[in-house]
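The structure file work.cif is reproduced below (mmCIF, N, CA and C atoms).
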```cif
data_protein
loop_
_atom_site.label_atom_id
_atom_site.label_comp_id
_atom_site.auth_asym_id
_atom_site.auth_seq_id
_atom_site.Cartn_x
_atom_site.Cartn_y
_atom_site.Cartn_z
N MET A 5 -189.90 -32.16 18.89
CA MET A 5 -188.66 -32.86 19.18
C MET A 5 -188.45 -32.95 20.69
N VAL A 6 -188.03 -34.09 21.13
CA VAL A 6 -187.73 -34.29 22.55
C VAL A 6 -186.25 -34.02 22.76
N SER A 7 -185.93 -33.24 23.77
CA SER A 7 -184.54 -32.92 24.08
C SER A 7 -183.98 -33.93 25.06
N LYS A 8 -182.73 -34.31 24.87
CA LYS A 8 -182.10 -35.21 25.83
C LYS A 8 -181.67 -34.46 27.09
N TYR A 9 -181.83 -33.13 27.10
CA TYR A 9 -181.44 -32.32 28.25
C TYR A 9 -182.62 -31.73 29.01
N LEU A 10 -183.83 -31.99 28.55
CA LEU A 10 -185.03 -31.52 29.25
C LEU A 10 -185.57 -32.68 30.08
N ILE A 11 -185.77 -32.43 31.36
CA ILE A 11 -186.29 -33.47 32.26
C ILE A 11 -187.61 -32.99 32.83
N ARG A 12 -188.65 -33.78 32.65
CA ARG A 12 -189.95 -33.50 33.26
C ARG A 12 -190.12 -34.44 34.43
N ALA A 13 -190.37 -33.87 35.61
CA ALA A 13 -190.47 -34.68 36.83
C ALA A 13 -191.48 -35.82 36.67
N ALA A 14 -192.57 -35.57 36.00
CA ALA A 14 -193.61 -36.60 35.83
C ALA A 14 -193.11 -37.80 35.03
N ASP A 15 -192.05 -37.61 34.26
CA ASP A 15 -191.49 -38.70 33.45
C ASP A 15 -190.42 -39.51 34.19
N VAL A 16 -190.04 -39.07 35.38
CA VAL A 16 -188.97 -39.72 36.14
C VAL A 16 -189.60 -40.61 37.21
N PRO A 17 -189.25 -41.90 37.25
CA PRO A 17 -189.84 -42.78 38.25
C PRO A 17 -189.43 -42.40 39.67
N ALA A 18 -190.37 -42.53 40.59
CA ALA A 18 -190.11 -42.24 42.00
C ALA A 18 -189.55 -43.48 42.69
N TYR A 19 -188.74 -43.25 43.72
CA TYR A 19 -188.19 -44.33 44.53
C TYR A 19 -188.16 -43.89 45.99
N SER A 20 -188.13 -44.84 46.89
CA SER A 20 -188.02 -44.56 48.33
C SER A 20 -186.57 -44.80 48.74
N PRO A 21 -185.86 -43.75 49.16
CA PRO A 21 -184.45 -43.91 49.49
C PRO A 21 -184.23 -44.66 50.81
N ALA A 22 -183.12 -45.34 50.89
CA ALA A 22 -182.73 -46.03 52.12
C ALA A 22 -182.54 -45.02 53.24
N ASN A 23 -182.76 -45.44 54.48
CA ASN A 23 -182.51 -44.61 55.66
C ASN A 23 -183.44 -43.40 55.76
N HIS A 24 -184.59 -43.44 55.06
CA HIS A 24 -185.59 -42.38 55.09
C HIS A 24 -186.96 -42.99 55.37
N THR A 25 -187.86 -42.19 55.92
CA THR A 25 -189.24 -42.61 56.12
C THR A 25 -190.16 -41.64 55.40
N GLY A 26 -191.26 -42.14 54.84
CA GLY A 26 -192.25 -41.28 54.20
C GLY A 26 -191.71 -40.45 53.06
N THR A 27 -190.68 -40.95 52.38
CA THR A 27 -189.97 -40.16 51.37
C THR A 27 -190.06 -40.81 49.99
N PHE A 28 -190.36 -39.97 48.99
CA PHE A 28 -190.34 -40.40 47.60
C PHE A 28 -189.50 -39.40 46.81
N ASN A 29 -188.50 -39.90 46.13
CA ASN A 29 -187.59 -39.05 45.36
C ASN A 29 -187.69 -39.34 43.87
N ARG A 30 -187.33 -38.34 43.09
CA ARG A 30 -187.19 -38.50 41.63
C ARG A 30 -185.82 -37.93 41.27
N ARG A 31 -184.95 -38.75 40.70
CA ARG A 31 -183.60 -38.33 40.31
C ARG A 31 -183.70 -37.58 38.98
N LEU A 32 -183.73 -36.23 39.05
CA LEU A 32 -183.94 -35.41 37.87
C LEU A 32 -182.70 -35.32 36.99
N VAL A 33 -181.55 -35.12 37.60
CA VAL A 33 -180.29 -35.01 36.86
C VAL A 33 -179.34 -36.07 37.39
N SER A 34 -178.89 -36.95 36.49
CA SER A 34 -177.98 -38.03 36.89
C SER A 34 -177.18 -38.50 35.69
N SER A 35 -176.26 -39.38 35.94
CA SER A 35 -175.50 -39.95 34.82
C SER A 35 -176.38 -40.81 33.94
N ALA A 36 -177.41 -41.43 34.55
CA ALA A 36 -178.28 -42.35 33.81
C ALA A 36 -179.15 -41.63 32.78
N ASN A 37 -179.64 -40.41 33.10
CA ASN A 37 -180.57 -39.79 32.17
C ASN A 37 -179.97 -38.68 31.30
N VAL A 38 -179.03 -37.91 31.82
CA VAL A 38 -178.44 -36.83 31.01
C VAL A 38 -176.92 -36.91 30.94
N GLY A 39 -176.34 -37.92 31.58
CA GLY A 39 -174.90 -38.08 31.53
C GLY A 39 -174.12 -37.21 32.49
N ALA A 40 -174.78 -36.65 33.51
CA ALA A 40 -174.09 -35.79 34.49
C ALA A 40 -173.01 -36.60 35.22
N GLN A 41 -171.83 -36.04 35.32
CA GLN A 41 -170.71 -36.74 35.96
C GLN A 41 -170.32 -36.17 37.32
N HIS A 42 -170.65 -34.91 37.60
CA HIS A 42 -170.13 -34.26 38.80
C HIS A 42 -171.20 -33.77 39.76
N MET A 43 -172.46 -33.99 39.41
CA MET A 43 -173.55 -33.55 40.29
C MET A 43 -174.76 -34.43 40.07
N GLU A 44 -175.68 -34.35 41.02
CA GLU A 44 -176.95 -35.07 40.92
C GLU A 44 -178.01 -34.16 41.54
N VAL A 45 -179.17 -34.07 40.90
CA VAL A 45 -180.28 -33.26 41.41
C VAL A 45 -181.48 -34.17 41.59
N VAL A 46 -182.06 -34.12 42.79
CA VAL A 46 -183.18 -34.98 43.16
C VAL A 46 -184.34 -34.10 43.62
N LEU A 47 -185.55 -34.43 43.19
CA LEU A 47 -186.76 -33.79 43.69
C LEU A 47 -187.35 -34.72 44.73
N GLY A 48 -187.46 -34.25 45.95
CA GLY A 48 -187.97 -35.08 47.04
C GLY A 48 -189.30 -34.61 47.55
N GLU A 49 -190.11 -35.56 48.00
CA GLU A 49 -191.37 -35.27 48.68
C GLU A 49 -191.39 -36.11 49.94
N ILE A 50 -191.54 -35.44 51.09
CA ILE A 50 -191.46 -36.11 52.38
C ILE A 50 -192.73 -35.83 53.18
N ALA A 51 -193.43 -36.90 53.55
CA ALA A 51 -194.69 -36.79 54.30
C ALA A 51 -194.45 -36.21 55.70
N LYS A 52 -195.54 -35.70 56.31
CA LYS A 52 -195.48 -35.17 57.66
C LYS A 52 -194.83 -36.20 58.59
N GLY A 53 -193.83 -35.76 59.35
CA GLY A 53 -193.14 -36.64 60.29
C GLY A 53 -192.09 -37.52 59.65
N GLY A 54 -192.05 -37.57 58.33
CA GLY A 54 -191.05 -38.39 57.64
C GLY A 54 -189.77 -37.63 57.43
N GLY A 55 -188.77 -38.34 56.97
CA GLY A 55 -187.51 -37.68 56.67
C GLY A 55 -186.33 -38.62 56.73
N ALA A 56 -185.16 -38.02 56.82
CA ALA A 56 -183.90 -38.75 56.83
C ALA A 56 -183.47 -39.05 58.25
N LEU A 57 -183.16 -40.29 58.52
CA LEU A 57 -182.58 -40.67 59.80
C LEU A 57 -181.13 -40.20 59.82
N PRO A 58 -180.49 -40.14 60.99
CA PRO A 58 -179.12 -39.63 61.05
C PRO A 58 -178.19 -40.38 60.10
N HIS A 59 -177.43 -39.61 59.31
CA HIS A 59 -176.45 -40.20 58.40
C HIS A 59 -175.52 -39.10 57.89
N ALA A 60 -174.46 -39.52 57.23
CA ALA A 60 -173.50 -38.60 56.61
C ALA A 60 -173.07 -39.20 55.29
N HIS A 61 -172.52 -38.36 54.42
CA HIS A 61 -172.03 -38.80 53.12
C HIS A 61 -170.54 -38.50 53.02
N PRO A 62 -169.70 -39.51 53.20
CA PRO A 62 -168.25 -39.28 53.10
C PRO A 62 -167.85 -38.76 51.71
N GLY A 63 -167.10 -37.67 51.71
CA GLY A 63 -166.57 -37.12 50.46
C GLY A 63 -167.61 -36.50 49.55
N MET A 64 -168.81 -36.24 50.06
CA MET A 64 -169.88 -35.71 49.20
C MET A 64 -170.59 -34.55 49.91
N GLU A 65 -170.76 -33.44 49.21
CA GLU A 65 -171.51 -32.31 49.73
C GLU A 65 -172.97 -32.42 49.29
N GLN A 66 -173.87 -31.85 50.10
CA GLN A 66 -175.30 -31.91 49.80
C GLN A 66 -175.94 -30.58 50.16
N ALA A 67 -176.82 -30.10 49.28
CA ALA A 67 -177.61 -28.89 49.56
C ALA A 67 -179.07 -29.23 49.34
N CYS A 68 -179.95 -28.66 50.16
CA CYS A 68 -181.39 -28.87 50.04
C CYS A 68 -182.08 -27.52 49.97
N TYR A 69 -182.89 -27.31 48.94
CA TYR A 69 -183.68 -26.09 48.77
C TYR A 69 -185.14 -26.47 48.99
N LEU A 70 -185.77 -25.88 50.02
CA LEU A 70 -187.15 -26.22 50.37
C LEU A 70 -188.14 -25.44 49.50
N LEU A 71 -188.94 -26.18 48.74
CA LEU A 71 -189.94 -25.60 47.85
C LEU A 71 -191.28 -25.38 48.54
N GLU A 72 -191.71 -26.38 49.33
CA GLU A 72 -193.01 -26.34 50.02
C GLU A 72 -192.89 -27.02 51.37
N GLY A 73 -193.77 -26.62 52.31
CA GLY A 73 -193.80 -27.23 53.63
C GLY A 73 -192.76 -26.61 54.55
N THR A 74 -192.61 -27.23 55.73
CA THR A 74 -191.61 -26.81 56.70
C THR A 74 -190.85 -28.04 57.17
N ALA A 75 -189.66 -27.80 57.71
CA ALA A 75 -188.82 -28.92 58.12
C ALA A 75 -187.92 -28.54 59.28
N HIS A 76 -187.57 -29.57 60.05
CA HIS A 76 -186.57 -29.44 61.12
C HIS A 76 -185.30 -30.12 60.60
N VAL A 77 -184.17 -29.42 60.76
CA VAL A 77 -182.89 -29.94 60.27
C VAL A 77 -181.87 -29.89 61.39
N GLU A 78 -181.04 -30.92 61.44
CA GLU A 78 -179.90 -30.93 62.34
C GLU A 78 -178.67 -31.32 61.53
N VAL A 79 -177.60 -30.57 61.74
CA VAL A 79 -176.34 -30.87 61.07
C VAL A 79 -175.19 -30.55 62.02
N GLU A 80 -174.38 -31.56 62.30
CA GLU A 80 -173.20 -31.40 63.15
C GLU A 80 -173.52 -30.68 64.47
N GLY A 81 -174.63 -31.03 65.11
CA GLY A 81 -174.99 -30.46 66.40
C GLY A 81 -175.76 -29.15 66.33
N GLU A 82 -175.93 -28.57 65.16
CA GLU A 82 -176.71 -27.35 65.01
C GLU A 82 -178.09 -27.73 64.49
N SER A 83 -179.15 -27.10 65.04
CA SER A 83 -180.50 -27.40 64.56
C SER A 83 -181.21 -26.10 64.20
N PHE A 84 -182.12 -26.21 63.22
CA PHE A 84 -182.88 -25.04 62.77
C PHE A 84 -184.13 -25.49 62.04
N GLU A 85 -185.05 -24.55 61.85
CA GLU A 85 -186.31 -24.80 61.15
C GLU A 85 -186.22 -24.15 59.77
N MET A 86 -186.73 -24.86 58.78
CA MET A 86 -186.72 -24.34 57.41
C MET A 86 -188.13 -24.02 56.94
N VAL A 87 -188.25 -22.97 56.13
CA VAL A 87 -189.50 -22.59 55.48
C VAL A 87 -189.21 -22.51 53.97
N PRO A 88 -190.27 -22.49 53.14
CA PRO A 88 -190.04 -22.41 51.70
C PRO A 88 -189.12 -21.25 51.33
N GLY A 89 -188.17 -21.55 50.44
CA GLY A 89 -187.19 -20.56 50.02
C GLY A 89 -185.87 -20.69 50.75
N ASP A 90 -185.84 -21.46 51.84
CA ASP A 90 -184.59 -21.67 52.58
C ASP A 90 -183.77 -22.78 51.94
N THR A 91 -182.46 -22.67 52.10
CA THR A 91 -181.52 -23.69 51.64
C THR A 91 -180.65 -24.09 52.81
N CYS A 92 -180.40 -25.39 52.95
CA CYS A 92 -179.45 -25.85 53.95
C CYS A 92 -178.32 -26.58 53.24
N PHE A 93 -177.17 -26.62 53.91
CA PHE A 93 -175.97 -27.24 53.35
C PHE A 93 -175.44 -28.27 54.33
N PHE A 94 -175.11 -29.44 53.82
CA PHE A 94 -174.50 -30.49 54.61
C PHE A 94 -173.08 -30.72 54.08
N PRO A 95 -172.06 -30.32 54.85
CA PRO A 95 -170.68 -30.55 54.40
C PRO A 95 -170.40 -32.05 54.25
N ALA A 96 -169.39 -32.37 53.48
CA ALA A 96 -168.98 -33.76 53.32
C ALA A 96 -168.71 -34.38 54.70
N ASP A 97 -169.25 -35.55 54.92
CA ASP A 97 -169.08 -36.36 56.13
C ASP A 97 -169.73 -35.76 57.38
N ALA A 98 -170.61 -34.75 57.23
CA ALA A 98 -171.30 -34.15 58.37
C ALA A 98 -172.58 -34.95 58.68
N MET A 99 -172.71 -35.43 59.90
CA MET A 99 -173.91 -36.15 60.32
C MET A 99 -175.09 -35.18 60.28
N HIS A 100 -176.23 -35.62 59.69
CA HIS A 100 -177.38 -34.74 59.57
C HIS A 100 -178.69 -35.51 59.56
N ILE A 101 -179.79 -34.78 59.86
CA ILE A 101 -181.16 -35.29 59.72
C ILE A 101 -182.01 -34.22 59.07
N PHE A 102 -183.12 -34.63 58.48
CA PHE A 102 -184.08 -33.72 57.86
C PHE A 102 -185.44 -34.31 58.13
N GLN A 103 -186.37 -33.55 58.77
CA GLN A 103 -187.69 -34.09 59.09
C GLN A 103 -188.77 -33.06 58.77
N THR A 104 -189.83 -33.51 58.08
CA THR A 104 -190.95 -32.64 57.75
C THR A 104 -191.74 -32.32 59.01
N THR A 105 -192.05 -31.04 59.21
CA THR A 105 -192.84 -30.62 60.37
C THR A 105 -194.20 -30.06 59.97
N SER A 106 -194.43 -29.80 58.70
CA SER A 106 -195.71 -29.25 58.24
C SER A 106 -196.74 -30.37 58.10
N ASP A 107 -198.02 -29.98 58.13
CA ASP A 107 -199.11 -30.95 57.93
C ASP A 107 -199.13 -31.46 56.49
N THR A 108 -198.62 -30.66 55.58
CA THR A 108 -198.53 -31.07 54.17
C THR A 108 -197.11 -31.57 53.91
N PRO A 109 -196.93 -32.38 52.88
CA PRO A 109 -195.58 -32.87 52.59
C PRO A 109 -194.60 -31.74 52.29
N ALA A 110 -193.35 -31.95 52.65
CA ALA A 110 -192.29 -31.03 52.25
C ALA A 110 -191.84 -31.44 50.85
N LYS A 111 -191.62 -30.46 50.01
CA LYS A 111 -191.06 -30.71 48.69
C LYS A 111 -189.74 -29.95 48.62
N LEU A 112 -188.71 -30.62 48.13
CA LEU A 112 -187.40 -30.01 48.10
C LEU A 112 -186.56 -30.50 46.94
N LEU A 113 -185.64 -29.64 46.53
CA LEU A 113 -184.61 -30.02 45.58
C LEU A 113 -183.36 -30.35 46.37
N VAL A 114 -182.75 -31.48 46.06
CA VAL A 114 -181.53 -31.92 46.73
C VAL A 114 -180.44 -32.02 45.68
N ILE A 115 -179.30 -31.42 45.97
CA ILE A 115 -178.17 -31.44 45.05
C ILE A 115 -177.01 -32.12 45.75
N TYR A 116 -176.45 -33.13 45.09
CA TYR A 116 -175.28 -33.85 45.60
C TYR A 116 -174.11 -33.61 44.66
N SER A 117 -172.92 -33.44 45.26
CA SER A 117 -171.71 -33.37 44.46
C SER A 117 -170.57 -33.99 45.25
N PRO A 118 -169.92 -35.01 44.71
CA PRO A 118 -170.24 -35.73 43.49
C PRO A 118 -171.55 -36.49 43.64
N PRO A 119 -172.06 -37.10 42.56
CA PRO A 119 -173.34 -37.80 42.60
C PRO A 119 -173.38 -38.91 43.64
N TYR A 120 -174.54 -39.08 44.24
CA TYR A 120 -174.78 -40.09 45.26
C TYR A 120 -175.26 -41.41 44.64
N GLY A 121 -176.33 -41.35 43.86
CA GLY A 121 -176.83 -42.53 43.19
C GLY A 121 -177.30 -43.63 44.11
N GLU A 122 -177.66 -43.30 45.37
CA GLU A 122 -178.10 -44.29 46.36
C GLU A 122 -177.06 -45.40 46.55
N ASN A 123 -175.80 -45.04 46.40
CA ASN A 123 -174.72 -45.99 46.57
C ASN A 123 -174.47 -46.20 48.07
N PRO A 124 -174.69 -47.41 48.61
CA PRO A 124 -174.51 -47.64 50.05
C PRO A 124 -173.10 -47.35 50.55
N ALA A 125 -172.12 -47.37 49.67
CA ALA A 125 -170.75 -47.07 50.07
C ALA A 125 -170.57 -45.57 50.30
N ARG A 126 -171.56 -44.75 49.88
CA ARG A 126 -171.44 -43.30 50.00
C ARG A 126 -172.28 -42.76 51.15
N VAL A 127 -172.61 -43.61 52.12
CA VAL A 127 -173.37 -43.15 53.29
C VAL A 127 -172.79 -43.80 54.55
N ARG A 128 -172.79 -43.02 55.63
CA ARG A 128 -172.32 -43.50 56.94
C ARG A 128 -173.42 -43.21 57.95
N ARG A 129 -173.76 -44.22 58.73
CA ARG A 129 -174.78 -44.07 59.78
C ARG A 129 -174.10 -44.08 61.15
N PRO A 130 -174.76 -43.54 62.18
CA PRO A 130 -174.15 -43.56 63.51
C PRO A 130 -173.89 -45.01 63.95
N GLU A 131 -172.84 -45.15 64.72
CA GLU A 131 -172.50 -46.50 65.20
C GLU A 131 -173.23 -46.83 66.47
#
```
What does the file become when written as structure tokens?
Amino acid sequence: MVSKYLIRAADVPAYSPANHTGTFNRRLVSSANVGAQHMEVVLGEIAKGGGALPHAHPGMEQACYLLEGTAHVEVEGESFEMVPGDTCFFPADAMHIFQTTSDTPAKLLVIYSPPYGENPARVRRPE
């Protein structure tokens, strides 16, 4: 029996998000596949040197848990390096970037609340 609540990453189509380079995401938990209304979970893979260009999400919090690789992160003027097992948090409307620094792709889980859904109205870029 197939469960409507079990998600296998290999069964979820990959997409390249706007405002990112070298990035392929799979939306694991969303309203479209399991009916989630208050959160979204994305599995991301970002090639060396790729990542998110500066942006913010008005009214939406974001957390990233690094599974593999290393990354450079900047959020609201603070910068730091991430290694596997680290988690970073982006407050609602906080300008941030995320860039892979390892020779191998970075793999990460990204959690949005409320859900993002690649809605262009839910992102702000520098002017």
Within 12 Å of range 102-111 of chain A: each range 33-63 of chain A residue with its shortest pair, only C-alpha atoms, as JSON lines:
```
{"residue": "A:Val46", "atom": "CA", "partner": "A:Lys111", "partner_atom": "CA", "distance": 10.5}
{"residue": "A:Leu47", "atom": "CA", "partner": "A:Lys111", "partner_atom": "CA", "distance": 7.3}
{"residue": "A:Gly48", "atom": "CA", "partner": "A:Lys111", "partner_atom": "CA", "distance": 5.6}
{"residue": "A:Glu49", "atom": "CA", "partner": "A:Lys111", "partner_atom": "CA", "distance": 4.6}
{"residue": "A:Ile50", "atom": "CA", "partner": "A:Ala110", "partner_atom": "CA", "distance": 5.1}
{"residue": "A:Ala51", "atom": "CA", "partner": "A:Pro109", "partner_atom": "CA", "distance": 4.4}
{"residue": "A:Lys52", "atom": "CA", "partner": "A:Thr104", "partner_atom": "CA", "distance": 5.2}
{"residue": "A:Gly53", "atom": "CA", "partner": "A:Thr104", "partner_atom": "CA", "distance": 5.2}
{"residue": "A:Gly54", "atom": "CA", "partner": "A:Gln103", "partner_atom": "CA", "distance": 5.6}
{"residue": "A:Gly55", "atom": "CA", "partner": "A:Gln103", "partner_atom": "CA", "distance": 4.3}
{"residue": "A:Ala56", "atom": "CA", "partner": "A:Phe102", "partner_atom": "CA", "distance": 5.1}
{"residue": "A:Leu57", "atom": "CA", "partner": "A:Phe102", "partner_atom": "CA", "distance": 7.4}
{"residue": "A:Pro58", "atom": "CA", "partner": "A:Phe102", "partner_atom": "CA", "distance": 8.3}
{"residue": "A:His59", "atom": "CA", "partner": "A:Phe102", "partner_atom": "CA", "distance": 10.0}
{"residue": "A:Ala60", "atom": "CA", "partner": "A:Phe102", "partner_atom": "CA", "distance": 11.7}
```
Practice task
Determine the residue set returned by the PyMOL selection byres ((chain A and resi 16) around 7) for the present structure, and present it as a ChimeraX atom specification.
Solution key: /A:12-15,17-18,30-32
Write a file of the selected residues as a tab-separated table (two decimals), in the coordinates of the input, keeping N, CA and C atoms.
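See out_34.tsv below for the written result:
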```tsv
chain	number	residue	atom	x	y	z
A	12	ARG	N	-188.65	-33.78	32.65
A	12	ARG	CA	-189.95	-33.50	33.26
A	12	ARG	C	-190.12	-34.44	34.43
A	13	ALA	N	-190.37	-33.87	35.61
A	13	ALA	CA	-190.47	-34.68	36.83
A	13	ALA	C	-191.48	-35.82	36.67
A	14	ALA	N	-192.57	-35.57	36.00
A	14	ALA	CA	-193.61	-36.60	35.83
A	14	ALA	C	-193.11	-37.80	35.03
A	15	ASP	N	-192.05	-37.61	34.26
A	15	ASP	CA	-191.49	-38.70	33.45
A	15	ASP	C	-190.42	-39.51	34.19
A	17	PRO	N	-189.25	-41.90	37.25
A	17	PRO	CA	-189.84	-42.78	38.25
A	17	PRO	C	-189.43	-42.40	39.67
A	18	ALA	N	-190.37	-42.53	40.59
A	18	ALA	CA	-190.11	-42.24	42.00
A	18	ALA	C	-189.55	-43.48	42.69
A	30	ARG	N	-187.33	-38.34	43.09
A	30	ARG	CA	-187.19	-38.50	41.63
A	30	ARG	C	-185.82	-37.93	41.27
A	31	ARG	N	-184.95	-38.75	40.70
A	31	ARG	CA	-183.60	-38.33	40.31
A	31	ARG	C	-183.70	-37.58	38.98
A	32	LEU	N	-183.73	-36.23	39.05
A	32	LEU	CA	-183.94	-35.41	37.87
A	32	LEU	C	-182.70	-35.32	36.99
```
Practice task
Mind giving me the straight-line distance from atom N of Val127 in chain A to CA of Phe94 in chain A in Å, one decimal?
Solution key: 13.5 Å
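Atom C of Val33 in chain A to CA of Glu122 in chain A spans 12.2 Å [interatomic distance, one decimal].
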Exercise for the section: Run through the PyMOL selection byres (((chain A and resi 72 and name CA) around 8) and name CA) on the given coordinates and return the selected residues as a PyMOL selection string. Expected result: chain A and resi 70-71+73-74+87-88+109-112
Practice task
Go through A:Tyr19, A:Gly39, A:Ser7, A:Pro62 and flag the residue nearest Ala125 in chain A, using all atoms listed in the file for the distances.
Solution key: A:Pro62
Exercise for the section: Using atom N of His76 in chain A and atom C of Arg129 in chain A as the two end points, give the distance in Å to one decimal. Expected result: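 Computing the Euclidean distance for atom N of His76 in chain A and atom C of Arg129 in chain A yields 19.8 Å.
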Practice task
For the structure shown, which residues end up in the PyMOL selection byres (((chain A and resi 41 and name CA) around 12) and name CA)? Put them as a PyMOL selection string, please?
Solution key: chain A and resi 33-40+42-45+116-121
Exercise for the section: Write out as number ranges by chain all residues of chain A that backbone DSSP assigns to helix (DSSP H, G or I). Expected result: A: 13-15, 124-126
Exercise for the section: Identify, with DSSP run on backbone atoms, the residues in range 34-124 of chain A assigned to strand (DSSP E), and express the list as a PyMOL selection string. Expected result: chain A and resi 44-59+65-72+75-79+82-86+91-94+100-104+110-117
Problem - Which residue of A:Ala96, A:Ile101, A:Val114, A:Ala67 approaches Glu82 in chain A most closely, using only C-alpha atoms - result: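 Distance minimum relative to Glu82 in chain A lands on A:Ile101.
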Exercise for the section: Would you kindly return, as an MDAnalysis selection string, each protein, DNA or RNA residue with an atom no farther than 12 Å from any atom of Ser83 in chain A, considering only C-alpha atoms and excluding same-chain residues fewer than 2 positions away? Expected result: chainID A and resid 75:81 85:86 92 99:103
Fill in the blank from the handout: Between A:Pro21, A:Phe84, A:Thr91, A:Thr27, smallest distance to Leu113 in chain A by only C-alpha atoms belongs to A:Thr91
Exercise for the section: Kindly indicate which residue among A:Ile115, A:Ala22, A:Val6, A:Ile11 lies nearest to Phe93 in chain A, using only C-alpha atoms for the distances. Expected result: A:Ile115
Handout entry: Pick from A:Tyr9, A:Ser20, A:Ala98, A:Glu131, whichever lies nearest to His61 in chain A using only N, CA and C atoms
Key =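 Looking at the shortest contact to His61 in chain A, the residue is A:Ala98.
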Please rebuild range 96-108 of chain A with N, CA, C and O atoms and return the result as a PDB file, in the coordinates of the input.
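Output file result.pdb follows:
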```
ATOM      1  N   ALA A  96    -169.390 -32.370  53.480  1.00  0.00           N
ATOM      2  CA  ALA A  96    -168.980 -33.760  53.320  1.00  0.00           C
ATOM      3  C   ALA A  96    -168.710 -34.380  54.700  1.00  0.00           C
ATOM      4  O   ALA A  96    -168.064 -33.762  55.548  1.00  0.00           O
ATOM      5  N   ASP A  97    -169.250 -35.550  54.920  1.00  0.00           N
ATOM      6  CA  ASP A  97    -169.080 -36.360  56.130  1.00  0.00           C
ATOM      7  C   ASP A  97    -169.730 -35.760  57.380  1.00  0.00           C
ATOM      8  O   ASP A  97    -169.457 -36.195  58.489  1.00  0.00           O
ATOM      9  N   ALA A  98    -170.610 -34.750  57.230  1.00  0.00           N
ATOM     10  CA  ALA A  98    -171.300 -34.150  58.370  1.00  0.00           C
ATOM     11  C   ALA A  98    -172.580 -34.950  58.680  1.00  0.00           C
ATOM     12  O   ALA A  98    -173.424 -35.124  57.801  1.00  0.00           O
ATOM     13  N   MET A  99    -172.710 -35.430  59.900  1.00  0.00           N
ATOM     14  CA  MET A  99    -173.910 -36.150  60.320  1.00  0.00           C
ATOM     15  C   MET A  99    -175.090 -35.180  60.280  1.00  0.00           C
ATOM     16  O   MET A  99    -174.987 -34.050  60.749  1.00  0.00           O
ATOM     17  N   HIS A 100    -176.230 -35.620  59.690  1.00  0.00           N
ATOM     18  CA  HIS A 100    -177.380 -34.740  59.570  1.00  0.00           C
ATOM     19  C   HIS A 100    -178.690 -35.510  59.560  1.00  0.00           C
ATOM     20  O   HIS A 100    -178.719 -36.724  59.322  1.00  0.00           O
ATOM     21  N   ILE A 101    -179.790 -34.780  59.860  1.00  0.00           N
ATOM     22  CA  ILE A 101    -181.160 -35.290  59.720  1.00  0.00           C
ATOM     23  C   ILE A 101    -182.010 -34.220  59.070  1.00  0.00           C
ATOM     24  O   ILE A 101    -181.666 -33.029  59.111  1.00  0.00           O
ATOM     25  N   PHE A 102    -183.120 -34.630  58.480  1.00  0.00           N
ATOM     26  CA  PHE A 102    -184.080 -33.720  57.860  1.00  0.00           C
ATOM     27  C   PHE A 102    -185.440 -34.310  58.130  1.00  0.00           C
ATOM     28  O   PHE A 102    -185.692 -35.474  57.785  1.00  0.00           O
ATOM     29  N   GLN A 103    -186.370 -33.550  58.770  1.00  0.00           N
ATOM     30  CA  GLN A 103    -187.690 -34.090  59.090  1.00  0.00           C
ATOM     31  C   GLN A 103    -188.770 -33.060  58.770  1.00  0.00           C
ATOM     32  O   GLN A 103    -188.666 -31.888  59.150  1.00  0.00           O
ATOM     33  N   THR A 104    -189.830 -33.510  58.080  1.00  0.00           N
ATOM     34  CA  THR A 104    -190.950 -32.640  57.750  1.00  0.00           C
ATOM     35  C   THR A 104    -191.740 -32.320  59.010  1.00  0.00           C
ATOM     36  O   THR A 104    -192.079 -33.224  59.780  1.00  0.00           O
ATOM     37  N   THR A 105    -192.050 -31.040  59.210  1.00  0.00           N
ATOM     38  CA  THR A 105    -192.840 -30.620  60.370  1.00  0.00           C
ATOM     39  C   THR A 105    -194.200 -30.060  59.970  1.00  0.00           C
ATOM     40  O   THR A 105    -195.057 -29.880  60.835  1.00  0.00           O
ATOM     41  N   SER A 106    -194.430 -29.800  58.700  1.00  0.00           N
ATOM     42  CA  SER A 106    -195.710 -29.250  58.240  1.00  0.00           C
ATOM     43  C   SER A 106    -196.740 -30.370  58.100  1.00  0.00           C
ATOM     44  O   SER A 106    -196.397 -31.544  57.985  1.00  0.00           O
ATOM     45  N   ASP A 107    -198.020 -29.980  58.130  1.00  0.00           N
ATOM     46  CA  ASP A 107    -199.110 -30.950  57.930  1.00  0.00           C
ATOM     47  C   ASP A 107    -199.130 -31.460  56.490  1.00  0.00           C
ATOM     48  O   ASP A 107    -199.615 -32.558  56.226  1.00  0.00           O
ATOM     49  N   THR A 108    -198.620 -30.660  55.580  1.00  0.00           N
ATOM     50  CA  THR A 108    -198.530 -31.070  54.170  1.00  0.00           C
ATOM     51  C   THR A 108    -197.110 -31.570  53.910  1.00  0.00           C
ATOM     52  O   THR A 108    -196.180 -31.221  54.641  1.00  0.00           O
TER      53      THR A 108
END
```
